>>> print(open('entry.pdb').read())   # PDB, C-alpha atoms and all ligand atoms
ATOM      1  CA  SER L   1     110.105 101.939  49.544
ATOM      2  CA  LYS L   2     111.569 102.439  52.982
ATOM      3  CA  ARG L   3     111.612  99.526  55.374
ATOM      4  CA  LEU L   4     111.173 100.337  59.057
ATOM      5  CA  VAL L   5     111.521  98.326  62.255
ATOM      6  CA  ILE L   6     109.717  99.892  65.216
ATOM      7  CA  LYS L   7     110.504  98.668  68.728
ATOM      8  CA  VAL L   8     108.241  99.460  71.663
ATOM      9  CA  GLY L   9     109.079  98.657  75.261
ATOM     10  CA  THR L  10     106.867  97.420  78.053
ATOM     11  CA  SER L  11     106.812 100.898  79.595
ATOM     12  CA  SER L  12     104.945 102.169  76.499
ATOM     13  CA  LEU L  13     102.372  99.361  76.615
ATOM     14  CA  VAL L  14     101.642  98.779  80.285
ATOM     15  CA  LEU L  15     100.720 101.632  82.629
ATOM     16  CA  PRO L  16     102.471 101.980  85.997
ATOM     17  CA  ASN L  17      99.315 100.615  87.713
ATOM     18  CA  THR L  18      99.723  97.441  85.550
ATOM     19  CA  GLU L  19      96.703  98.336  83.369
ATOM     20  CA  ILE L  20      97.218  97.634  79.676
ATOM     21  CA  ASN L  21      97.774 100.956  77.871
ATOM     22  CA  LEU L  22      95.012 100.489  75.283
ATOM     23  CA  ARG L  23      95.302 104.069  74.110
ATOM     24  CA  ALA L  24      99.003 103.590  73.290
ATOM     25  CA  ILE L  25      98.307 100.311  71.485
ATOM     26  CA  ASP L  26      95.503 101.885  69.489
ATOM     27  CA  GLN L  27      97.639 104.905  68.574
ATOM     28  CA  LEU L  28     100.435 102.588  67.552
ATOM     29  CA  ALA L  29      98.095 100.564  65.328
ATOM     30  CA  PHE L  30      96.780 103.784  63.755
ATOM     31  CA  THR L  31     100.244 105.269  63.223
ATOM     32  CA  LEU L  32     101.811 102.107  61.785
ATOM     33  CA  THR L  33      98.833 101.587  59.465
ATOM     34  CA  SER L  34      99.166 105.177  58.244
ATOM     35  CA  LEU L  35     102.877 104.656  57.613
ATOM     36  CA  ARG L  36     102.063 101.532  55.585
ATOM     37  CA  GLN L  37      99.564 103.542  53.556
ATOM     38  CA  LEU L  38     102.257 106.163  52.954
ATOM     39  CA  GLY L  39     104.324 103.404  51.340
ATOM     40  CA  TYR L  40     106.595 102.317  54.171
ATOM     41  CA  GLU L  41     107.124  98.657  54.969
ATOM     42  CA  VAL L  42     106.647  98.218  58.705
ATOM     43  CA  ILE L  43     107.797  95.578  61.188
ATOM     44  CA  LEU L  44     106.844  95.954  64.848
ATOM     45  CA  VAL L  45     108.964  94.456  67.636
ATOM     46  CA  SER L  46     106.809  94.528  70.746
ATOM     47  CA  SER L  47     107.597  93.698  74.345
ATOM     48  CA  GLY L  48     104.871  93.507  76.943
ATOM     49  CA  ALA L  49     103.961  89.805  77.078
ATOM     50  CA  ILE L  50     104.904  89.366  80.744
ATOM     51  CA  GLY L  51     103.340  92.709  81.710
ATOM     52  CA  VAL L  52     100.034  91.806  80.052
ATOM     53  CA  GLY L  53     100.169  88.278  81.526
ATOM     54  CA  MET L  54     100.688  89.728  85.001
ATOM     55  CA  LYS L  55      97.674  91.968  84.535
ATOM     56  CA  LEU L  56      95.493  89.020  83.410
ATOM     57  CA  LEU L  57      96.564  86.929  86.383
ATOM     58  CA  GLY L  58      96.341  89.814  88.841
ATOM     59  CA  LEU L  59     100.014  89.556  89.815
ATOM     60  CA  ASP L  60     101.722  92.657  91.169
ATOM     61  CA  LYS L  61     105.266  91.392  90.737
ATOM     62  CA  ARG L  62     107.065  89.092  88.374
ATOM     63  CA  PRO L  63     107.046  85.434  89.367
ATOM     64  CA  GLU L  64     110.358  84.243  90.683
ATOM     65  CA  THR L  65     111.089  81.157  88.636
ATOM     66  CA  ILE L  66     111.968  81.297  84.968
ATOM     67  CA  ALA L  67     109.361  78.603  84.244
ATOM     68  CA  LYS L  68     106.611  80.702  85.839
ATOM     69  CA  GLN L  69     107.760  83.778  83.918
ATOM     70  CA  GLN L  70     107.602  81.745  80.715
ATOM     71  CA  ALA L  71     104.063  80.645  81.584
ATOM     72  CA  VAL L  72     103.003  84.237  82.299
ATOM     73  CA  ALA L  73     104.623  85.353  79.035
ATOM     74  CA  ALA L  74     102.725  82.673  77.107
ATOM     75  CA  ILE L  75      99.423  83.897  78.587
ATOM     76  CA  GLY L  76     100.276  87.542  77.990
ATOM     77  CA  GLN L  77     101.635  87.097  74.458
ATOM     78  CA  SER L  78      98.391  85.671  73.063
ATOM     79  CA  GLU L  79      96.343  88.398  74.759
ATOM     80  CA  LEU L  80      98.724  91.109  73.528
ATOM     81  CA  ILE L  81      98.471  89.786  69.970
ATOM     82  CA  LYS L  82      94.691  89.629  70.323
ATOM     83  CA  ILE L  83      94.604  93.328  71.243
ATOM     84  CA  TYR L  84      96.984  94.286  68.417
ATOM     85  CA  THR L  85      94.998  92.209  65.918
ATOM     86  CA  GLN L  86      91.755  93.908  66.972
ATOM     87  CA  ARG L  87      93.232  97.410  66.886
ATOM     88  CA  PHE L  88      94.917  96.854  63.507
ATOM     89  CA  ALA L  89      91.674  95.327  62.169
ATOM     90  CA  ALA L  90      89.846  98.532  63.148
ATOM     91  CA  TYR L  91      92.075 100.272  60.559
ATOM     92  CA  TYR L  92      91.692  97.424  58.014
ATOM     93  CA  GLN L  93      95.322  96.469  58.527
ATOM     94  CA  GLN L  94      96.354  92.816  58.582
ATOM     95  CA  SER L  95      99.008  91.892  61.139
ATOM     96  CA  ALA L  96     100.891  88.662  61.883
ATOM     97  CA  GLN L  97     102.768  87.144  64.796
ATOM     98  CA  VAL L  98     106.424  86.133  64.366
ATOM     99  CA  LEU L  99     108.099  84.522  67.388
ATOM    100  CA  LEU L 100     111.862  84.097  67.126
ATOM    101  CA  THR L 101     114.635  82.321  68.966
ATOM    102  CA  ARG L 102     118.387  82.579  68.586
ATOM    103  CA  ASP L 103     118.136  79.793  66.011
ATOM    104  CA  VAL L 104     117.783  82.573  63.452
ATOM    105  CA  ILE L 105     121.360  83.595  64.255
ATOM    106  CA  ASP L 106     122.823  80.155  64.817
ATOM    107  CA  PHE L 107     121.333  78.173  61.938
ATOM    108  CA  PRO L 108     121.491  79.460  58.355
ATOM    109  CA  THR L 109     118.349  77.552  57.360
ATOM    110  CA  SER L 110     116.334  79.075  60.199
ATOM    111  CA  ARG L 111     117.757  82.461  59.310
ATOM    112  CA  GLN L 112     116.744  82.102  55.679
ATOM    113  CA  ASN L 113     113.265  80.908  56.661
ATOM    114  CA  VAL L 114     112.580  83.956  58.786
ATOM    115  CA  ILE L 115     113.986  86.273  56.104
ATOM    116  CA  ASN L 116     111.604  84.652  53.608
ATOM    117  CA  THR L 117     108.680  85.009  56.005
ATOM    118  CA  PHE L 118     109.321  88.729  56.522
ATOM    119  CA  GLU L 119     109.682  89.226  52.778
ATOM    120  CA  GLU L 120     106.361  87.515  52.004
ATOM    121  CA  LEU L 121     104.463  89.257  54.792
ATOM    122  CA  LEU L 122     105.767  92.678  53.723
ATOM    123  CA  ASN L 123     104.946  91.896  50.075
ATOM    124  CA  MET L 124     101.393  91.157  51.194
ATOM    125  CA  GLY L 125     101.205  94.501  52.981
ATOM    126  CA  VAL L 126     101.021  92.805  56.374
ATOM    127  CA  ILE L 127     102.612  94.208  59.556
ATOM    128  CA  PRO L 128     104.619  91.477  61.346
ATOM    129  CA  ILE L 129     104.584  91.739  65.150
ATOM    130  CA  VAL L 130     107.775  90.176  66.451
ATOM    131  CA  ASN L 131     108.754  88.939  69.887
ATOM    132  CA  GLU L 132     111.105  86.400  71.343
ATOM    133  CA  ASN L 133     109.598  82.930  71.783
ATOM    134  CA  ASP L 134     109.843  82.898  75.560
ATOM    135  CA  SER L 135     108.648  79.300  75.968
ATOM    136  CA  VAL L 136     111.697  78.081  74.066
ATOM    137  CA  SER L 137     114.322  80.619  75.087
ATOM    138  CA  VAL L 138     115.470  80.070  78.632
ATOM    139  CA  ASP L 139     117.332  81.995  81.314
ATOM    140  CA  GLU L 140     117.861  85.710  80.672
ATOM    141  CA  LEU L 141     121.514  85.135  81.435
ATOM    142  CA  ASP L 142     121.840  82.212  79.070
ATOM    143  CA  HIS L 143     123.157  83.901  75.974
ATOM    144  CA  LEU L 144     123.254  80.598  74.142
ATOM    145  CA  THR L 145     119.502  80.562  73.754
ATOM    146  CA  LYS L 146     118.360  84.129  74.431
ATOM    147  CA  PHE L 147     118.729  87.204  72.257
ATOM    148  CA  GLY L 148     119.390  89.139  75.436
ATOM    149  CA  ASP L 149     116.426  91.475  75.291
ATOM    150  CA  ASN L 150     114.113  93.089  72.774
ATOM    151  CA  ASP L 151     116.579  95.922  72.118
ATOM    152  CA  GLN L 152     118.981  93.318  70.717
ATOM    153  CA  LEU L 153     116.114  91.449  69.054
ATOM    154  CA  SER L 154     115.015  94.608  67.239
ATOM    155  CA  ALA L 155     118.559  95.235  65.972
ATOM    156  CA  ILE L 156     118.743  91.624  64.767
ATOM    157  CA  VAL L 157     115.355  91.931  63.039
ATOM    158  CA  CYS L 158     116.604  95.156  61.427
ATOM    159  CA  SER L 159     119.548  93.262  59.990
ATOM    160  CA  LEU L 160     117.563  90.145  58.963
ATOM    161  CA  ALA L 161     115.006  92.276  57.141
ATOM    162  CA  GLN L 162     117.732  94.634  55.848
ATOM    163  CA  ALA L 163     115.643  97.513  57.119
ATOM    164  CA  ASP L 164     116.652 101.117  56.444
ATOM    165  CA  LEU L 165     115.848 102.373  59.910
ATOM    166  CA  LEU L 166     115.253 101.058  63.429
ATOM    167  CA  LEU L 167     112.969 103.331  65.429
ATOM    168  CA  MET L 168     113.406 102.529  69.087
ATOM    169  CA  LEU L 169     110.640 104.006  71.214
ATOM    170  CA  SER L 170     111.611 104.277  74.862
ATOM    171  CA  ASP L 171     110.536 105.841  78.141
ATOM    172  CA  ILE L 172     113.229 108.484  77.531
ATOM    173  CA  ASP L 173     113.420 110.929  74.615
ATOM    174  CA  GLY L 174     116.971 110.071  73.576
ATOM    175  CA  PHE L 175     120.518 109.329  74.689
ATOM    176  CA  TYR L 176     122.156 111.832  77.041
ATOM    177  CA  ASP L 177     125.736 112.356  78.197
ATOM    178  CA  ASP L 178     124.563 111.305  81.647
ATOM    179  CA  ASN L 179     121.406 109.739  83.093
ATOM    180  CA  PRO L 180     118.846 112.597  82.940
ATOM    181  CA  GLN L 181     116.804 110.973  85.727
ATOM    182  CA  THR L 182     119.637 111.616  88.160
ATOM    183  CA  ASN L 183     121.457 114.534  86.487
ATOM    184  CA  PRO L 184     119.230 117.453  85.395
ATOM    185  CA  GLU L 185     122.212 119.038  83.586
ATOM    186  CA  ALA L 186     122.529 116.065  81.215
ATOM    187  CA  GLN L 187     122.691 117.017  77.526
ATOM    188  CA  LEU L 188     120.940 115.152  74.711
ATOM    189  CA  PHE L 189     123.051 113.791  71.838
ATOM    190  CA  SER L 190     121.132 114.529  68.653
ATOM    191  CA  HIS L 191     123.478 112.641  66.311
ATOM    192  CA  ILE L 192     125.975 109.878  66.969
ATOM    193  CA  SER L 193     128.035 108.273  64.214
ATOM    194  CA  GLU L 194     130.323 106.211  66.407
ATOM    195  CA  ILE L 195     129.821 104.821  69.906
ATOM    196  CA  THR L 196     132.762 105.676  72.114
ATOM    197  CA  ASP L 197     133.880 104.323  75.501
ATOM    198  CA  VAL L 198     132.836 107.621  77.081
ATOM    199  CA  MET L 199     129.293 107.134  75.738
ATOM    200  CA  GLU L 200     129.191 103.586  77.073
ATOM    201  CA  MET L 201     130.130 104.968  80.483
ATOM    202  CA  ALA L 202     127.322 107.536  80.208
ATOM    203  CA  ALA L 203     124.827 104.742  79.525
ATOM    204  CA  GLY L 204     125.643 103.193  82.881
ATOM    205  CA  ASP L 205     125.170  99.524  83.572
ATOM    206  CA  LYS L 206     122.205  97.220  83.158
ATOM    207  CA  GLY L 207     118.782  98.644  83.982
ATOM    208  CA  SER L 208     116.544  97.265  86.673
ATOM    209  CA  GLU L 209     116.823  93.699  87.912
ATOM    210  CA  PHE L 210     114.123  92.285  85.668
ATOM    211  CA  GLY L 211     113.414  95.164  83.343
ATOM    212  CA  THR L 212     115.029  95.718  79.997
ATOM    213  CA  GLY L 213     118.735  96.272  79.700
ATOM    214  CA  GLY L 214     118.474 100.035  80.166
ATOM    215  CA  MET L 215     120.478 102.468  78.076
ATOM    216  CA  ALA L 216     123.537 100.197  77.855
ATOM    217  CA  SER L 217     121.435  97.691  75.959
ATOM    218  CA  LYS L 218     120.143 100.397  73.609
ATOM    219  CA  LEU L 219     123.705 101.467  72.803
ATOM    220  CA  LYS L 220     124.648  97.856  72.130
ATOM    221  CA  ALA L 221     121.703  97.616  69.726
ATOM    222  CA  ALA L 222     122.800 100.886  68.081
ATOM    223  CA  LYS L 223     126.274  99.413  67.612
ATOM    224  CA  ARG L 224     124.845  96.386  65.822
ATOM    225  CA  VAL L 225     122.766  98.647  63.605
ATOM    226  CA  LEU L 226     125.755 100.856  62.714
ATOM    227  CA  ASP L 227     127.938  97.774  62.046
ATOM    228  CA  ASN L 228     125.232  96.685  59.638
ATOM    229  CA  GLN L 229     125.279 100.044  57.779
ATOM    230  CA  SER L 230     121.755 100.830  58.870
ATOM    231  CA  GLN L 231     120.393 103.637  61.059
ATOM    232  CA  MET L 232     118.641 103.862  64.385
ATOM    233  CA  ILE L 233     116.660 106.605  66.101
ATOM    234  CA  LEU L 234     116.050 106.484  69.843
ATOM    235  CA  ALA L 235     113.020 108.576  70.777
ATOM    236  CA  SER L 236     110.199 108.836  73.276
ATOM    237  CA  GLY L 237     107.370 106.311  72.933
ATOM    238  CA  LYS L 238     104.924 108.494  74.857
ATOM    239  CA  ASP L 239     103.075 109.443  71.686
ATOM    240  CA  PRO L 240     103.526 107.164  68.650
ATOM    241  CA  ALA L 241     102.674 110.130  66.394
ATOM    242  CA  ILE L 242     106.332 111.064  66.928
ATOM    243  CA  LEU L 243     106.992 108.576  64.100
ATOM    244  CA  PHE L 244     105.352 111.010  61.634
ATOM    245  CA  ASP L 245     107.650 113.817  62.839
ATOM    246  CA  ILE L 246     110.722 111.615  62.478
ATOM    247  CA  LEU L 247     109.837 110.485  58.973
ATOM    248  CA  GLU L 248     109.096 114.076  57.956
ATOM    249  CA  GLY L 249     112.724 114.754  58.823
ATOM    250  CA  LYS L 250     112.212 116.706  62.028
ATOM    251  CA  THR L 251     115.085 116.419  64.490
ATOM    252  CA  VAL L 252     113.755 114.202  67.239
ATOM    253  CA  GLY L 253     115.610 112.063  69.776
ATOM    254  CA  THR L 254     119.040 110.633  69.014
ATOM    255  CA  LEU L 255     119.984 109.563  65.501
ATOM    256  CA  PHE L 256     122.660 106.881  65.158
ATOM    257  CA  SER L 257     123.947 106.930  61.570
TER     258      SER L 257
HETATM  259  P1  LIG L 301     112.565 101.027  77.861
HETATM  260  O1  LIG L 301     111.749 100.513  79.011
HETATM  261  O2  LIG L 301     111.879 102.067  77.056
HETATM  262  O3  LIG L 301     113.134  99.947  77.010
HETATM  263  P2  LIG L 301     114.843 101.439  79.662
HETATM  264  O4  LIG L 301     114.199 101.718  80.977
HETATM  265  O5  LIG L 301     115.432 100.102  79.416
HETATM  266  O6  LIG L 301     113.826 101.833  78.488
HETATM  267  O7  LIG L 301     116.021 102.507  79.407
HETATM  268  C1  LIG L 301     115.793 103.897  79.450
HETATM  269  C2  LIG L 301     116.299 104.473  80.764
HETATM  270  O8  LIG L 301     117.728 104.499  80.788
HETATM  271  C3  LIG L 301     115.947 105.930  80.977
HETATM  272  O9  LIG L 301     114.643 106.102  81.495
HETATM  273  C4  LIG L 301     117.013 106.400  81.974
HETATM  274  O10 LIG L 301     116.563 106.240  83.301
HETATM  275  C5  LIG L 301     118.158 105.417  81.787
HETATM  276  N1  LIG L 301     119.419 106.041  81.384
HETATM  277  C6  LIG L 301     120.636 105.761  81.940
HETATM  278  N2  LIG L 301     121.607 106.455  81.362
HETATM  279  C7  LIG L 301     121.034 107.222  80.401
HETATM  280  C8  LIG L 301     121.549 108.177  79.444
HETATM  281  N3  LIG L 301     122.847 108.458  79.362
HETATM  282  N4  LIG L 301     120.665 108.765  78.588
HETATM  283  C9  LIG L 301     119.337 108.460  78.649
HETATM  284  N5  LIG L 301     118.799 107.576  79.532
HETATM  285  C10 LIG L 301     119.633 106.960  80.403
END
>>> encode(input="entry.pdb", output="structure tokens")
Amino acid sequence: SKRLVIKVGTSSLVLPNTEINLRAIDQLAFTLTSLRQLGYEVILVSSGAIGVGMKLLGLDKRPETIAKQQAVAAIGQSELIKIYTQRFAAYYQQSAQVLLTRDVIDFPTSRQNVINTFEELLNMGVIPIVNENDSVSVDELDHLTKFGDNDQLSAIVCSLAQADLLLMLSDIDGFYDDNPQTNPEAQLFSHISEITDVMEMAAGDKGSEFGTGGMASKLKAAKRVLDNQSQMILASGKDPAILFDILEGKTVGTLFS
């Protein structure tokens, strides 16, 4: 059977007014459960812990210290998992929480343990919900302990689980030859087999100050996936039902293969 890693970003899970996007989470739970029933093995990499934590605490901007962000993430992560667990349960789908740190790259025993965990969960028909363990991983800039961001984490999970395909759901419907938010003439790449310097230029630099790594980070993840002989599709996360279209072979977003 085909093994899939699906990555969703905060922008798909938290509305601009900081409300939790329950409709998106419910649609995701429905779609992933359906995929499981169709015979796919499914791993979800979900961001959103800080966004949900902010909502619970009534914060309108991220706290300034790393320690406070870690505390907010800890509050948000358990709530986020609670919502996922409830939504998956509504479709009689068991889910599980897997929190990772860079130990899974640095230490072979840790690596093997997480590989074993994924294998067992998938054998049991469970959908693992993966995130970085923010209480342990420190500074975003400290690459010794952090994965970087969930784009990198999802590519690493794809390789650990030897998944066939990483489906990266974003706030944009694919990778363009220039930023479509600023250049309306930008053209979508539908298939990329090798990431060139010109493409890296088109991805621009890091995204917002605190946000995810933007398109540059997604290209870096795609590079990892290609190096690992797997495939990645970058597509819009607006409607999770797009996953059905992709798996039916419709041309959607940008395929890296
Ligand atoms: P997410 O929150 O879904 O992880 P990001 O905000 O990190 O997504 O990255 C997607 C954003 O990257 C797009 O909304 C767009 O503004 C920006 N971007 C910059 N360059 C490009 C490009 N060449 N093609 C597509 N998007 C780009």
>>> residues_near_ligand(input="entry.pdb", ligand="ligand LIG 301 (chain L)", cutoff="8 Å", atoms="only C-alpha atoms and all ligand atoms", output="MDAnalysis selection string")
chainID L and resid 8:12 151 169:182 186 188 199 202:205 207:208 211:218 236:237
>>> atom_distance(input="entry.pdb", atom1="atom CA of L:Val136", atom2="atom CA of L:Gln70")
8.6 Å
>>> closest_residue(input="entry.pdb", among="L:Gly48, L:Gly53, L:Gly125, L:Gly76", to="L:Lys7", atoms="all atoms listed in the file")
L:Gly48
>>> closest_residue(input="entry.pdb", among="L:Gln77, L:Asn116, L:Asn21, L:Gln97", to="L:Leu44", atoms="all atoms listed in the file")
L:Gln97
>>> residues_around(input="entry.pdb", residues="L:Ser257", least_positions_apart="3", cutoff="9 Å", atoms="all atoms listed in the file", output="tab-separated table (two decimals) with C-alpha atoms, in the coordinates of the input")
chain	number	residue	atom	x	y	z
L	191	HIS	CA	123.48	112.64	66.31
L	192	ILE	CA	125.98	109.88	66.97
L	193	SER	CA	128.04	108.27	64.21
L	194	GLU	CA	130.32	106.21	66.41
L	222	ALA	CA	122.80	100.89	68.08
L	225	VAL	CA	122.77	98.65	63.60
L	226	LEU	CA	125.76	100.86	62.71
L	229	GLN	CA	125.28	100.04	57.78
L	230	SER	CA	121.76	100.83	58.87
L	231	GLN	CA	120.39	103.64	61.06
L	232	MET	CA	118.64	103.86	64.39
L	233	ILE	CA	116.66	106.60	66.10
>>> resolve_selection(input="entry.pdb", expression="the PyMOL selection byres (((chain L and resi 130) around 8) and not hetatm)", output="list in words")
Ile43, Leu44, Val45, Ser46, Gln97, Val98, Leu99, Leu100, Pro128, Ile129, Asn131 and Glu132 of chain L
>>> write_last_selection(input="entry.pdb", atoms="C-alpha atoms", output="PDB file, in the frame of the given file")
ATOM      1  CA  ILE L  43     107.797  95.578  61.188  1.00  0.00           C
ATOM      2  CA  LEU L  44     106.844  95.954  64.848  1.00  0.00           C
ATOM      3  CA  VAL L  45     108.964  94.456  67.636  1.00  0.00           C
ATOM      4  CA  SER L  46     106.809  94.528  70.746  1.00  0.00           C
ATOM      5  CA  GLN L  97     102.768  87.144  64.796  1.00  0.00           C
ATOM      6  CA  VAL L  98     106.424  86.133  64.366  1.00  0.00           C
ATOM      7  CA  LEU L  99     108.099  84.522  67.388  1.00  0.00           C
ATOM      8  CA  LEU L 100     111.862  84.097  67.126  1.00  0.00           C
ATOM      9  CA  PRO L 128     104.619  91.477  61.346  1.00  0.00           C
ATOM     10  CA  ILE L 129     104.584  91.739  65.150  1.00  0.00           C
ATOM     11  CA  ASN L 131     108.754  88.939  69.887  1.00  0.00           C
ATOM     12  CA  GLU L 132     111.105  86.400  71.343  1.00  0.00           C
TER      13      GLU L 132
END
>>> atom_distance(input="entry.pdb", atom1="atom CA of L:Ile66", atom2="atom CA of L:Val157")
24.6 Å
>>> closest_residue(input="entry.pdb", among="L:Val198, L:Ile105, L:Ala29, L:Phe244", to="L:Ala90", atoms="all atoms listed in the file")
L:Ala29
>>> axis_aligned_box(input="entry.pdb", around="stretch 103-113 of chain L", padding_each_side="6 Å", output="JSON")
{"center_x": 118.0, "center_y": 80.6, "center_z": 60.8, "size_x": 21.6, "size_y": 18.0, "size_z": 22.3}
>>> closest_residue(input="entry.pdb", among="L:Thr101, L:Gln112, L:Ser34, L:Asn17", to="L:Phe147", atoms="all atoms listed in the file")
L:Thr101
>>> resolve_selection(input="entry.pdb", expression="the PyMOL selection byres (((chain L and resi 38) around 12) and not hetatm)", output="PDB file with C-alpha atoms, in the frame of the given file")
ATOM      1  CA  SER L   1     110.105 101.939  49.544  1.00  0.00           C
ATOM      2  CA  LYS L   2     111.569 102.439  52.982  1.00  0.00           C
ATOM      3  CA  ARG L   3     111.612  99.526  55.374  1.00  0.00           C
ATOM      4  CA  THR L  31     100.244 105.269  63.223  1.00  0.00           C
ATOM      5  CA  LEU L  32     101.811 102.107  61.785  1.00  0.00           C
ATOM      6  CA  THR L  33      98.833 101.587  59.465  1.00  0.00           C
ATOM      7  CA  SER L  34      99.166 105.177  58.244  1.00  0.00           C
ATOM      8  CA  LEU L  35     102.877 104.656  57.613  1.00  0.00           C
ATOM      9  CA  ARG L  36     102.063 101.532  55.585  1.00  0.00           C
ATOM     10  CA  GLN L  37      99.564 103.542  53.556  1.00  0.00           C
ATOM     11  CA  GLY L  39     104.324 103.404  51.340  1.00  0.00           C
ATOM     12  CA  TYR L  40     106.595 102.317  54.171  1.00  0.00           C
ATOM     13  CA  GLU L  41     107.124  98.657  54.969  1.00  0.00           C
ATOM     14  CA  VAL L  42     106.647  98.218  58.705  1.00  0.00           C
ATOM     15  CA  GLY L 125     101.205  94.501  52.981  1.00  0.00           C
ATOM     16  CA  PHE L 244     105.352 111.010  61.634  1.00  0.00           C
ATOM     17  CA  LEU L 247     109.837 110.485  58.973  1.00  0.00           C
ATOM     18  CA  GLU L 248     109.096 114.076  57.956  1.00  0.00           C
TER      19      GLU L 248
END
>>> residues_around(input="entry.pdb", residues="stretch 91-94 of chain L", least_positions_apart="4", cutoff="7 Å", atoms="all atoms listed in the file", output="MDAnalysis selection string")
chainID L and resid 30 33 126:127
>>> closest_residue(input="entry.pdb", among="L:Lys223, L:Lys68, L:Arg87, L:Lys55", to="L:Leu28", atoms="only C-alpha atoms")
L:Arg87
>>> atom_distance(input="entry.pdb", atom1="atom CA of L:Ser190", atom2="atom CA of L:Ile156")
23.4 Å
>>> closest_residue(input="entry.pdb", among="L:Glu64, L:Asp164, L:Asp106, L:Glu19", to="L:Ile6", atoms="all atoms listed in the file")
L:Asp164
>>> residues_near_point(input="entry.pdb", point="(115.7, 93.0, 56.6)", cutoff="9 Å", atoms="only C-alpha atoms", output="number ranges by chain")
L: 3-5, 115, 118-119, 156-164
>>> residues_near_point(input="entry.pdb", point="(97.6, 92.7, 63.3)", cutoff="6 Å", atoms="only C-alpha atoms", output="ChimeraX atom specification")
/L:84-85,88,94-96
>>> write_last_selection(input="entry.pdb", atoms="C-alpha atoms", output="PDB file, in the coordinates of the input")
ATOM      1  CA  TYR L  84      96.984  94.286  68.417  1.00  0.00           C
ATOM      2  CA  THR L  85      94.998  92.209  65.918  1.00  0.00           C
ATOM      3  CA  PHE L  88      94.917  96.854  63.507  1.00  0.00           C
ATOM      4  CA  GLN L  94      96.354  92.816  58.582  1.00  0.00           C
ATOM      5  CA  SER L  95      99.008  91.892  61.139  1.00  0.00           C
ATOM      6  CA  ALA L  96     100.891  88.662  61.883  1.00  0.00           C
TER       7      ALA L  96
END
>>> build_atoms(input="entry.pdb", residues="stretch 145-158 of chain L", atoms="N, CA and C atoms", output="PDB file, in the coordinates of the input")
ATOM      1  N   THR L 145     120.840  80.742  74.314  1.00  0.00           N
ATOM      2  CA  THR L 145     119.502  80.562  73.754  1.00  0.00           C
ATOM      3  C   THR L 145     118.722  81.872  73.659  1.00  0.00           C
ATOM      4  N   LYS L 146     119.124  82.880  74.429  1.00  0.00           N
ATOM      5  CA  LYS L 146     118.360  84.129  74.431  1.00  0.00           C
ATOM      6  C   LYS L 146     119.019  85.178  73.523  1.00  0.00           C
ATOM      7  N   PHE L 147     118.191  86.063  73.003  1.00  0.00           N
ATOM      8  CA  PHE L 147     118.729  87.204  72.257  1.00  0.00           C
ATOM      9  C   PHE L 147     119.379  88.198  73.212  1.00  0.00           C
ATOM     10  N   GLY L 148     118.958  88.140  74.473  1.00  0.00           N
ATOM     11  CA  GLY L 148     119.390  89.139  75.436  1.00  0.00           C
ATOM     12  C   GLY L 148     118.158  89.898  75.871  1.00  0.00           C
ATOM     13  N   ASP L 149     117.650  90.733  75.000  1.00  0.00           N
ATOM     14  CA  ASP L 149     116.426  91.475  75.291  1.00  0.00           C
ATOM     15  C   ASP L 149     115.873  91.994  73.971  1.00  0.00           C
ATOM     16  N   ASN L 150     114.740  92.676  74.030  1.00  0.00           N
ATOM     17  CA  ASN L 150     114.113  93.089  72.774  1.00  0.00           C
ATOM     18  C   ASN L 150     114.843  94.237  72.081  1.00  0.00           C
ATOM     19  N   ASP L 151     115.737  94.929  72.807  1.00  0.00           N
ATOM     20  CA  ASP L 151     116.579  95.922  72.118  1.00  0.00           C
ATOM     21  C   ASP L 151     117.487  95.208  71.123  1.00  0.00           C
ATOM     22  N   GLN L 152     118.120  94.106  71.618  1.00  0.00           N
ATOM     23  CA  GLN L 152     118.981  93.318  70.717  1.00  0.00           C
ATOM     24  C   GLN L 152     118.136  92.662  69.628  1.00  0.00           C
ATOM     25  N   LEU L 153     116.987  92.105  70.036  1.00  0.00           N
ATOM     26  CA  LEU L 153     116.114  91.449  69.054  1.00  0.00           C
ATOM     27  C   LEU L 153     115.748  92.413  67.925  1.00  0.00           C
ATOM     28  N   SER L 154     115.425  93.662  68.283  1.00  0.00           N
ATOM     29  CA  SER L 154     115.015  94.608  67.239  1.00  0.00           C
ATOM     30  C   SER L 154     116.176  94.933  66.295  1.00  0.00           C
ATOM     31  N   ALA L 155     117.401  94.983  66.838  1.00  0.00           N
ATOM     32  CA  ALA L 155     118.559  95.235  65.972  1.00  0.00           C
ATOM     33  C   ALA L 155     118.800  94.043  65.054  1.00  0.00           C
ATOM     34  N   ILE L 156     118.563  92.836  65.579  1.00  0.00           N
ATOM     35  CA  ILE L 156     118.743  91.624  64.767  1.00  0.00           C
ATOM     36  C   ILE L 156     117.672  91.554  63.676  1.00  0.00           C
ATOM     37  N   VAL L 157     116.438  91.909  64.035  1.00  0.00           N
ATOM     38  CA  VAL L 157     115.355  91.931  63.039  1.00  0.00           C
ATOM     39  C   VAL L 157     115.678  92.961  61.955  1.00  0.00           C
ATOM     40  N   CYS L 158     116.218  94.095  62.373  1.00  0.00           N
ATOM     41  CA  CYS L 158     116.604  95.156  61.427  1.00  0.00           C
ATOM     42  C   CYS L 158     117.610  94.607  60.414  1.00  0.00           C
TER      43      CYS L 158
END
